[in-house]
Amino acid sequence: MLQLLNSGFVRNQLLFVFSLALWLSISCKPGNADALIIPKGWPVPNIPDDKAVNEERILLGRKLFYDPILSLNQNVSCASCHKPELAFADSVPVSSGANEKFGNRNTPGLFNVAWYPHFFAEGGVSTLELASIAPIHNESEMDFNIGDAVTRLANDEVYRQLFHVAYDTLPSTYTLVRALGAFQRSLISGNSPYDRYLLGEKAAISESARRGMKLFFSDSLACSSCHSGFLFTDFGFHNLGLPANEDPGRFLLTSKPADKGRFRTPSLRNVALTAPYMHNGSLRGLEEVIRFYEAGGGESENKSTQIRLFRLSNTERADLLAFLSSLTDSSAIHNSDYLPLDR
Amino acid sequence: MKSYLKLTVLLAFMLAAATGCKEENEPEGTDFSLKMNFKYGSQNLVYGQEYDYGTDSKIKIELVRFYVSLPELQSAEGNWVPFPNAYFIFQPDNAVFQAGKMPEGNYTALRFGLGVDNSRNVQTDPDAIPATDYPLDSPLNAANDMYWTWATGYIFVKVEGRIDANGNGSYADLDDKIISYHPGVAELYRTVSLSKNINIGNEATQAELTLDVAKLFENVDLLQYPFAHPLNADHPEFATARRMMDSFVTAFE
């Protein structure tokens with residue numbers, strides 16, 4: 001036996017078999033994101049073990065997302081403001097909730113939140129799970145309490161069973177926010193005409209959109225200095241010069257004067273579906289947004305030096321709009337896995 | 001001889017197992033609770049009742065809630081003995097804190113944190129347990145509405161009410177104020193230390209403290225500073241909230 005082990009050939013064979021076994025054991029280990037369909041070329045989102053996603057958890061989160069059971073008067077669900085046909089955003093400047101009270105921020109879309117490092121326009125919450133508390137508690141959203149929501153779920157036989165299947169336990173705040181997180185992590189949009197173009201399907205976007213793409217990534221417009229990366233956001237906080245009196249943005253969180261008027265860069269994926277724009281929904285359409293930037297943004301103090309005047313011809317503006325529209329992923333919008341269960 | 005030895009070993013194991021079990025299942029000590037009475041100056045605190053504020057104004061208190069962290073009693077020998085239950089939210093309609101079993105003995109002092117200490121506050125420790133991950137009956141669960149839902153960390157204290165500035169009976173005049181103090185920032189965590197003789201015998205024991213809510217605002221002009229919701233130390237309302245928290249420490253008797 002020892003002689004055999006000393007033979008280089010056998011030793012190499014054993015090494016190979018051991019390496020293969022090791023590789024197989026690593027690659028066969030169920031990953032926390034295995035239930036997600038990751039677009040080609042995108043990184044696998046980092047999901048901690050305690051938030052691992054599977055089909056049962058996504059299904060439970062999906063039922064909860066569309067169920068008004070999480071609001072005080074059972075008249076508002078997450079989807080009342082995060083509408084699937086609008087890339088999980090809303091069509092009004094600011095949405096109204098359970099008591100028909102209006103919030104003060106434009107509803108953000110929810111696609112690709114699995115990759116977000118922080119949540120809300122000032123970036124004060126670092127996990128998707130903790131981000132579920134605010135809309136449930138906010139009086140201009142669901143005006144409820146996460147504990148009362150859990151009690152309501154625990155009194156519902158169907159939910160008791162679904163939580164048991166998904167988490168092997170009764171409804172709790174722990175499992176409620178994880179189930180909502182699981183569904184939201186499953187909302188992935190990375191199959192727009194622009195993505196297909198990047199993967200080699202040259203005819204996926206029009207000639208105009210291709211010209212718009214060059215403009216978008218050009219140094220003179222510098223859109224991509226903030227709207228960067230595969231999600232078209234640097235997740236940074238910038239001041240565009242919009243009035244900061246009513247809502248000072250990140251300043252609310254940090255109290256640092258430099259943060260007055262800074263808001264998180266939104267992703268531009270599906271942006272053509274998420275009008276109106278800006279943190280307060282003050283700009284009605286994408287053309288208005290482009291003209292806002294052409295004019296060098298707004299006038300308030302602390303405006304980012306990255307916001308500079310530029311001039312576009314009508315054709316160039318149309319090209320830029322065509323490019324932004326090429327980021328609309330209709331396969332995600334119509335994905336039946338993202339829609340209410342009873343549809 | 002051999003079987004005698006076996007029996008001895010067996011008995012020793014049984015004894016060890018029995019004492020071990022006793023330690024695990026029945027903690028030593030006596031049930032101890034701490035009751036908080038609430039008053040406003042010389043009167044009992046009743047939500048919505050009118051009290052004098054300064055010479056001309058009236059005040060109504062509508063909410064008082066505060067976190068207590070890591071309470072301890074000091075034994076006559078000088079040792080600090082922690083309550084088994086380390087967190088509680090006191091409020092007038094939930095004023096009895098069941099501390100768990102405390103060792104029998106004479107105690108001479110009580111101390112506790114006002115707010116949530118850093119070890120449990122995700123604001124200061126990103127690895128602390130998130131407020132959604134405690135059981136629903138835990139004081140640290142976000143369901144207690146003492147959490148910055150749009151940001152991170154616990155709100156240590158909530159005091160809310162109204163002021164009738166000219167004392168004319170209306171709380172809706174231009175000068176009248178809605179009071180809302182929600183300090184929730186690690187730098188405003190305070191420790192309260194009180195001399196108090198507490199004897200814990202072999203029967204359930206309850207100690208009582210009284211909080212004078214009027215004292216919270218003795219160093220703040222509520223007509224000028226009716227509102228303070230700081231969540232960081234640079235916050236414009238931090239200094240106001242600090243004055244309230246520093247007074248809070250002295251408001252127990």
# chains A, B, ... in the order shown; residues from 1 in each chain; ligands from 1
call {"tool": "residues_around", "arguments": {"residues": "A:Val289", "least_positions_apart": "5", "cutoff": "8 Å", "atoms": "only C-alpha atoms", "output": "PyMOL selection string"}}
result
chain A and resi 277+283-284
call {"tool": "residues_around", "arguments": {"residues": "B:Gln43", "least_positions_apart": "5", "cutoff": "12 Å", "atoms": "only C-alpha atoms", "output": "ChimeraX atom specification"}}
result
/B:37-38,49-52,210-214
call {"tool": "write_last_selection", "arguments": {"atoms": "N, CA, C and O atoms", "output": "PDB file, in the first residue's frame"}}
result
ATOM      1  N   ASN B  37     -43.916  54.241  39.781  1.00  0.00           N
ATOM      2  CA  ASN B  37     -45.054  55.151  39.908  1.00  0.00           C
ATOM      3  C   ASN B  37     -44.746  56.400  39.098  1.00  0.00           C
ATOM      4  O   ASN B  37     -43.583  56.808  39.001  1.00  0.00           O
ATOM      5  N   PHE B  38     -45.770  57.000  38.525  1.00  0.00           N
ATOM      6  CA  PHE B  38     -45.560  58.186  37.694  1.00  0.00           C
ATOM      7  C   PHE B  38     -46.306  59.352  38.323  1.00  0.00           C
ATOM      8  O   PHE B  38     -47.489  59.244  38.656  1.00  0.00           O
ATOM      9  N   GLN B  49     -54.579  64.888  31.714  1.00  0.00           N
ATOM     10  CA  GLN B  49     -54.938  65.808  32.809  1.00  0.00           C
ATOM     11  C   GLN B  49     -54.080  67.072  32.712  1.00  0.00           C
ATOM     12  O   GLN B  49     -52.914  67.009  32.311  1.00  0.00           O
ATOM     13  N   GLU B  50     -54.667  68.205  33.101  1.00  0.00           N
ATOM     14  CA  GLU B  50     -53.967  69.469  32.966  1.00  0.00           C
ATOM     15  C   GLU B  50     -53.144  69.763  34.218  1.00  0.00           C
ATOM     16  O   GLU B  50     -53.641  69.611  35.338  1.00  0.00           O
ATOM     17  N   TYR B  51     -51.900  70.161  34.018  1.00  0.00           N
ATOM     18  CA  TYR B  51     -51.040  70.574  35.137  1.00  0.00           C
ATOM     19  C   TYR B  51     -50.513  71.975  34.828  1.00  0.00           C
ATOM     20  O   TYR B  51     -50.466  72.391  33.676  1.00  0.00           O
ATOM     21  N   ASP B  52     -50.099  72.688  35.886  1.00  0.00           N
ATOM     22  CA  ASP B  52     -49.500  74.009  35.677  1.00  0.00           C
ATOM     23  C   ASP B  52     -48.139  73.846  35.036  1.00  0.00           C
ATOM     24  O   ASP B  52     -47.368  72.951  35.384  1.00  0.00           O
ATOM     25  N   THR B 210     -40.518  56.148  42.019  1.00  0.00           N
ATOM     26  CA  THR B 210     -41.457  57.121  41.458  1.00  0.00           C
ATOM     27  C   THR B 210     -40.698  58.045  40.522  1.00  0.00           C
ATOM     28  O   THR B 210     -39.618  58.537  40.863  1.00  0.00           O
ATOM     29  N   LEU B 211     -41.274  58.225  39.335  1.00  0.00           N
ATOM     30  CA  LEU B 211     -40.691  59.156  38.366  1.00  0.00           C
ATOM     31  C   LEU B 211     -41.532  60.420  38.352  1.00  0.00           C
ATOM     32  O   LEU B 211     -42.748  60.366  38.156  1.00  0.00           O
ATOM     33  N   ASP B 212     -40.867  61.551  38.557  1.00  0.00           N
ATOM     34  CA  ASP B 212     -41.558  62.838  38.476  1.00  0.00           C
ATOM     35  C   ASP B 212     -41.340  63.410  37.066  1.00  0.00           C
ATOM     36  O   ASP B 212     -40.258  63.920  36.749  1.00  0.00           O
ATOM     37  N   VAL B 213     -42.370  63.305  36.248  1.00  0.00           N
ATOM     38  CA  VAL B 213     -42.250  63.712  34.840  1.00  0.00           C
ATOM     39  C   VAL B 213     -41.977  65.213  34.717  1.00  0.00           C
ATOM     40  O   VAL B 213     -41.310  65.657  33.784  1.00  0.00           O
ATOM     41  N   ALA B 214     -42.465  65.999  35.682  1.00  0.00           N
ATOM     42  CA  ALA B 214     -42.214  67.447  35.628  1.00  0.00           C
ATOM     43  C   ALA B 214     -40.718  67.747  35.656  1.00  0.00           C
ATOM     44  O   ALA B 214     -40.246  68.710  35.040  1.00  0.00           O
TER      45      ALA B 214
END
call {"tool": "residues_around", "arguments": {"residues": "stretch 123-138 of chain A", "least_positions_apart": "3", "cutoff": "8 Å", "atoms": "only C-alpha atoms", "output": "VMD selection string"}}
result
(chain A and resid 70 to 71 113 to 114 117 to 120 141 to 146 177 to 178 180 to 181 250 253 264) or (chain B and resid 130 to 132 142 149 to 152)
call {"tool": "interface_residues", "arguments": {"of": "chain B", "to": "chain A", "cutoff": "12 Å", "atoms": "only C-alpha atoms", "output": "JSON, numbers by chain"}}
result
{"B": [122, 123, 126, 127, 129, 130, 131, 132, 133, 134, 135, 136, 137, 138, 139, 140, 141, 142, 143, 144, 145, 146, 147, 148, 149, 150, 151, 152, 153, 185, 229, 230, 231, 232, 233, 234, 235, 236, 237, 238]}
call {"tool": "write_last_selection", "arguments": {"atoms": "N, CA, C and O atoms", "output": "short mmCIF file (atom, residue, chain, number, x, y, z; two decimals), in the first residue's frame"}}
result
data_model
loop_
_atom_site.label_atom_id
_atom_site.label_comp_id
_atom_site.auth_asym_id
_atom_site.auth_seq_id
_atom_site.Cartn_x
_atom_site.Cartn_y
_atom_site.Cartn_z
N VAL B 122 -28.15 48.24 17.46
CA VAL B 122 -27.53 48.15 16.13
C VAL B 122 -26.97 49.49 15.66
O VAL B 122 -26.15 49.55 14.75
N GLN B 123 -27.40 50.58 16.32
CA GLN B 123 -26.86 51.89 15.96
C GLN B 123 -25.36 51.96 16.26
O GLN B 123 -24.60 52.59 15.53
N PRO B 126 -23.06 47.05 14.67
CA PRO B 126 -23.74 46.50 13.49
C PRO B 126 -24.03 45.00 13.64
O PRO B 126 -24.89 44.47 12.94
N ASP B 127 -23.31 44.33 14.54
CA ASP B 127 -23.55 42.90 14.73
C ASP B 127 -24.58 42.59 15.81
O ASP B 127 -24.87 41.43 16.10
N ILE B 129 -28.15 42.07 17.60
CA ILE B 129 -29.34 41.39 17.07
C ILE B 129 -30.31 42.43 16.52
O ILE B 129 -30.65 43.39 17.20
N PRO B 130 -30.78 42.25 15.27
CA PRO B 130 -31.73 43.22 14.72
C PRO B 130 -33.05 43.23 15.50
O PRO B 130 -33.45 42.20 16.06
N ALA B 131 -33.71 44.37 15.52
CA ALA B 131 -34.92 44.55 16.35
C ALA B 131 -36.08 43.67 15.89
O ALA B 131 -37.06 43.53 16.61
N THR B 132 -35.99 43.09 14.71
CA THR B 132 -37.04 42.17 14.25
C THR B 132 -36.81 40.75 14.76
O THR B 132 -37.69 39.90 14.65
N ASP B 133 -35.61 40.49 15.29
CA ASP B 133 -35.23 39.10 15.54
C ASP B 133 -35.42 38.67 17.00
O ASP B 133 -35.07 37.55 17.35
N TYR B 134 -35.95 39.56 17.82
CA TYR B 134 -36.29 39.19 19.19
C TYR B 134 -37.71 38.60 19.20
O TYR B 134 -38.52 38.92 18.34
N PRO B 135 -38.01 37.77 20.21
CA PRO B 135 -39.40 37.29 20.33
C PRO B 135 -40.34 38.48 20.48
O PRO B 135 -39.93 39.55 20.94
N LEU B 136 -41.58 38.26 20.12
CA LEU B 136 -42.55 39.35 20.12
C LEU B 136 -42.75 39.96 21.51
O LEU B 136 -43.04 41.14 21.65
N ASP B 137 -42.56 39.14 22.55
CA ASP B 137 -42.78 39.68 23.91
C ASP B 137 -41.52 40.33 24.49
O ASP B 137 -41.51 40.75 25.64
N SER B 138 -40.46 40.41 23.70
CA SER B 138 -39.24 41.05 24.20
C SER B 138 -39.35 42.57 24.11
O SER B 138 -39.86 43.09 23.11
N PRO B 139 -38.88 43.29 25.12
CA PRO B 139 -38.89 44.76 25.03
C PRO B 139 -38.05 45.28 23.86
O PRO B 139 -38.24 46.41 23.43
N LEU B 140 -37.15 44.44 23.35
CA LEU B 140 -36.26 44.91 22.30
C LEU B 140 -36.81 44.66 20.89
O LEU B 140 -36.18 45.02 19.90
N ASN B 141 -38.00 44.05 20.78
CA ASN B 141 -38.60 43.85 19.46
C ASN B 141 -39.10 45.19 18.91
O ASN B 141 -39.62 46.03 19.65
N ALA B 142 -38.94 45.37 17.60
CA ALA B 142 -39.37 46.63 16.95
C ALA B 142 -40.86 46.89 17.12
O ALA B 142 -41.32 48.02 16.97
N ALA B 143 -41.62 45.85 17.45
CA ALA B 143 -43.07 46.01 17.62
C ALA B 143 -43.42 46.95 18.77
O ALA B 143 -44.54 47.44 18.84
N ASN B 144 -42.46 47.22 19.66
CA ASN B 144 -42.73 48.12 20.79
C ASN B 144 -42.77 49.58 20.38
O ASN B 144 -42.98 50.46 21.22
N ASP B 145 -42.51 49.85 19.08
CA ASP B 145 -42.62 51.21 18.59
C ASP B 145 -41.61 52.15 19.26
O ASP B 145 -41.88 53.32 19.47
N MET B 146 -40.47 51.59 19.63
CA MET B 146 -39.40 52.39 20.22
C MET B 146 -38.16 52.20 19.34
O MET B 146 -37.04 51.99 19.84
N TYR B 147 -38.34 52.27 18.04
CA TYR B 147 -37.26 51.97 17.09
C TYR B 147 -37.36 52.95 15.93
O TYR B 147 -38.46 53.28 15.48
N TRP B 148 -36.18 53.41 15.44
CA TRP B 148 -36.16 54.29 14.26
C TRP B 148 -36.41 53.41 13.03
O TRP B 148 -35.48 52.83 12.50
N THR B 149 -37.62 53.33 12.60
CA THR B 149 -37.91 52.38 11.51
C THR B 149 -37.24 52.77 10.20
O THR B 149 -36.84 51.91 9.43
N TRP B 150 -37.08 54.08 9.94
CA TRP B 150 -36.50 54.53 8.66
C TRP B 150 -34.98 54.65 8.79
O TRP B 150 -34.30 54.91 7.81
N ALA B 151 -34.47 54.49 9.99
CA ALA B 151 -33.03 54.52 10.23
C ALA B 151 -32.69 53.35 11.14
O ALA B 151 -33.42 52.36 11.16
N THR B 152 -31.63 53.46 11.90
CA THR B 152 -31.18 52.31 12.68
C THR B 152 -31.04 52.69 14.14
O THR B 152 -30.48 53.74 14.45
N GLY B 153 -31.55 51.85 15.01
CA GLY B 153 -31.35 52.06 16.44
C GLY B 153 -32.64 52.29 17.20
O GLY B 153 -33.71 52.48 16.61
N VAL B 185 -30.25 58.08 20.56
CA VAL B 185 -28.87 58.16 20.09
C VAL B 185 -27.96 57.69 21.22
O VAL B 185 -28.19 58.01 22.39
N HIS B 229 -36.13 65.12 18.42
CA HIS B 229 -36.04 63.74 17.94
C HIS B 229 -34.64 63.45 17.42
O HIS B 229 -34.47 63.08 16.27
N PRO B 230 -33.61 63.60 18.23
CA PRO B 230 -32.26 63.41 17.69
C PRO B 230 -31.92 61.93 17.52
O PRO B 230 -32.24 61.11 18.38
N LEU B 231 -31.28 61.60 16.38
CA LEU B 231 -30.81 60.22 16.23
C LEU B 231 -29.31 60.18 15.98
O LEU B 231 -28.76 59.13 15.66
N ASN B 232 -28.65 61.32 16.12
CA ASN B 232 -27.19 61.33 16.14
C ASN B 232 -26.73 62.54 16.95
O ASN B 232 -27.52 63.46 17.22
N ALA B 233 -25.46 62.54 17.33
CA ALA B 233 -24.96 63.57 18.25
C ALA B 233 -24.77 64.92 17.58
O ALA B 233 -24.60 65.93 18.27
N ASP B 234 -24.79 64.94 16.22
CA ASP B 234 -24.67 66.22 15.52
C ASP B 234 -26.04 66.85 15.24
O ASP B 234 -26.14 67.89 14.60
N HIS B 235 -27.06 66.16 15.66
CA HIS B 235 -28.43 66.57 15.33
C HIS B 235 -28.75 67.92 15.97
O HIS B 235 -28.37 68.17 17.12
N PRO B 236 -29.47 68.82 15.25
CA PRO B 236 -29.78 70.13 15.81
C PRO B 236 -30.56 70.05 17.14
O PRO B 236 -30.50 70.99 17.93
N GLU B 237 -31.29 68.97 17.35
CA GLU B 237 -32.08 68.88 18.59
C GLU B 237 -31.37 68.05 19.67
O GLU B 237 -31.97 67.77 20.73
N PHE B 238 -30.13 67.70 19.42
CA PHE B 238 -29.40 66.86 20.38
C PHE B 238 -29.23 67.56 21.73
O PHE B 238 -29.46 66.96 22.78
#
call {"tool": "atom_distance", "arguments": {"atom1": "atom CA of A:Ala272", "atom2": "atom CA of A:Ser325"}}
result
5.5 Å
call {"tool": "select_by_dssp", "arguments": {"residues": "stretch 97-145 of chain B", "states": "strand (DSSP E or B)", "output": "list in words"}}
result
Phe97, Gln98, Ala99, Gly100, Lys101, Met102, Gly105, Asn106, Tyr107, Thr108, Ala109, Leu110, Arg111, Phe112, Gly113 and Leu114 of chain B
call {"tool": "closest_residue", "arguments": {"among": "B:Ala207, B:Leu45, B:Val192, B:Leu174", "to": "B:Val68", "atoms": "only C-alpha atoms"}}
result
B:Val192
call {"tool": "closest_residue", "arguments": {"among": "A:Gln184, A:Asn32, A:Asn99, A:Thr315", "to": "A:Ile47", "atoms": "only C-alpha atoms"}}
result
A:Asn32
call {"tool": "residues_around", "arguments": {"residues": "A:Phe111", "least_positions_apart": "4", "cutoff": "10 Å", "atoms": "only C-alpha atoms", "output": "PyMOL selection string"}}
result
chain A and resi 84+87-89+115+184-190+231+267+269-270+332-333
call {"tool": "closest_residue", "arguments": {"among": "A:His334, A:Asp156, A:Phe230, A:Ser224", "to": "A:Leu198", "atoms": "only C-alpha atoms"}}
result
A:Phe230
call {"tool": "decode", "arguments": {"residues": "stretch 68-83 of chain B", "atoms": "N, CA and C atoms", "output": "PDB file, in the first residue's frame"}}
result
ATOM      1  N   VAL B  68     -35.297  50.724  30.134  1.00  0.00           N
ATOM      2  CA  VAL B  68     -34.338  50.486  31.206  1.00  0.00           C
ATOM      3  C   VAL B  68     -33.468  49.310  30.762  1.00  0.00           C
ATOM      4  N   SER B  69     -32.155  49.479  30.878  1.00  0.00           N
ATOM      5  CA  SER B  69     -31.213  48.427  30.474  1.00  0.00           C
ATOM      6  C   SER B  69     -30.365  47.991  31.659  1.00  0.00           C
ATOM      7  N   LEU B  70     -30.067  46.714  31.728  1.00  0.00           N
ATOM      8  CA  LEU B  70     -29.065  46.134  32.629  1.00  0.00           C
ATOM      9  C   LEU B  70     -29.202  46.603  34.080  1.00  0.00           C
ATOM     10  N   PRO B  71     -30.394  46.490  34.656  1.00  0.00           N
ATOM     11  CA  PRO B  71     -30.544  46.913  36.049  1.00  0.00           C
ATOM     12  C   PRO B  71     -29.798  45.977  37.011  1.00  0.00           C
ATOM     13  N   GLU B  72     -29.350  46.545  38.113  1.00  0.00           N
ATOM     14  CA  GLU B  72     -28.596  45.777  39.120  1.00  0.00           C
ATOM     15  C   GLU B  72     -28.936  46.289  40.505  1.00  0.00           C
ATOM     16  N   LEU B  73     -28.863  45.393  41.471  1.00  0.00           N
ATOM     17  CA  LEU B  73     -28.972  45.792  42.878  1.00  0.00           C
ATOM     18  C   LEU B  73     -27.608  45.609  43.536  1.00  0.00           C
ATOM     19  N   GLN B  74     -27.285  46.502  44.464  1.00  0.00           N
ATOM     20  CA  GLN B  74     -26.019  46.355  45.183  1.00  0.00           C
ATOM     21  C   GLN B  74     -26.272  45.733  46.555  1.00  0.00           C
ATOM     22  N   SER B  75     -25.575  44.636  46.797  1.00  0.00           N
ATOM     23  CA  SER B  75     -25.753  43.948  48.084  1.00  0.00           C
ATOM     24  C   SER B  75     -25.071  44.763  49.186  1.00  0.00           C
ATOM     25  N   ALA B  76     -25.438  44.437  50.434  1.00  0.00           N
ATOM     26  CA  ALA B  76     -24.845  45.136  51.573  1.00  0.00           C
ATOM     27  C   ALA B  76     -23.330  44.978  51.576  1.00  0.00           C
ATOM     28  N   GLU B  77     -22.844  43.873  50.963  1.00  0.00           N
ATOM     29  CA  GLU B  77     -21.382  43.645  50.902  1.00  0.00           C
ATOM     30  C   GLU B  77     -20.743  44.438  49.767  1.00  0.00           C
ATOM     31  N   GLY B  78     -21.574  45.054  48.924  1.00  0.00           N
ATOM     32  CA  GLY B  78     -21.019  45.900  47.866  1.00  0.00           C
ATOM     33  C   GLY B  78     -21.006  45.272  46.482  1.00  0.00           C
ATOM     34  N   ASN B  79     -21.472  44.012  46.374  1.00  0.00           N
ATOM     35  CA  ASN B  79     -21.479  43.384  45.040  1.00  0.00           C
ATOM     36  C   ASN B  79     -22.706  43.828  44.251  1.00  0.00           C
ATOM     37  N   TRP B  80     -22.511  44.022  42.947  1.00  0.00           N
ATOM     38  CA  TRP B  80     -23.651  44.360  42.088  1.00  0.00           C
ATOM     39  C   TRP B  80     -24.231  43.076  41.518  1.00  0.00           C
ATOM     40  N   VAL B  81     -25.535  42.883  41.696  1.00  0.00           N
ATOM     41  CA  VAL B  81     -26.205  41.661  41.235  1.00  0.00           C
ATOM     42  C   VAL B  81     -27.187  42.037  40.113  1.00  0.00           C
ATOM     43  N   PRO B  82     -26.935  41.571  38.890  1.00  0.00           N
ATOM     44  CA  PRO B  82     -27.812  41.960  37.773  1.00  0.00           C
ATOM     45  C   PRO B  82     -29.181  41.279  37.835  1.00  0.00           C
ATOM     46  N   PHE B  83     -30.214  41.977  37.351  1.00  0.00           N
ATOM     47  CA  PHE B  83     -31.533  41.349  37.212  1.00  0.00           C
ATOM     48  C   PHE B  83     -31.402  40.286  36.117  1.00  0.00           C
TER      49      PHE B  83
END
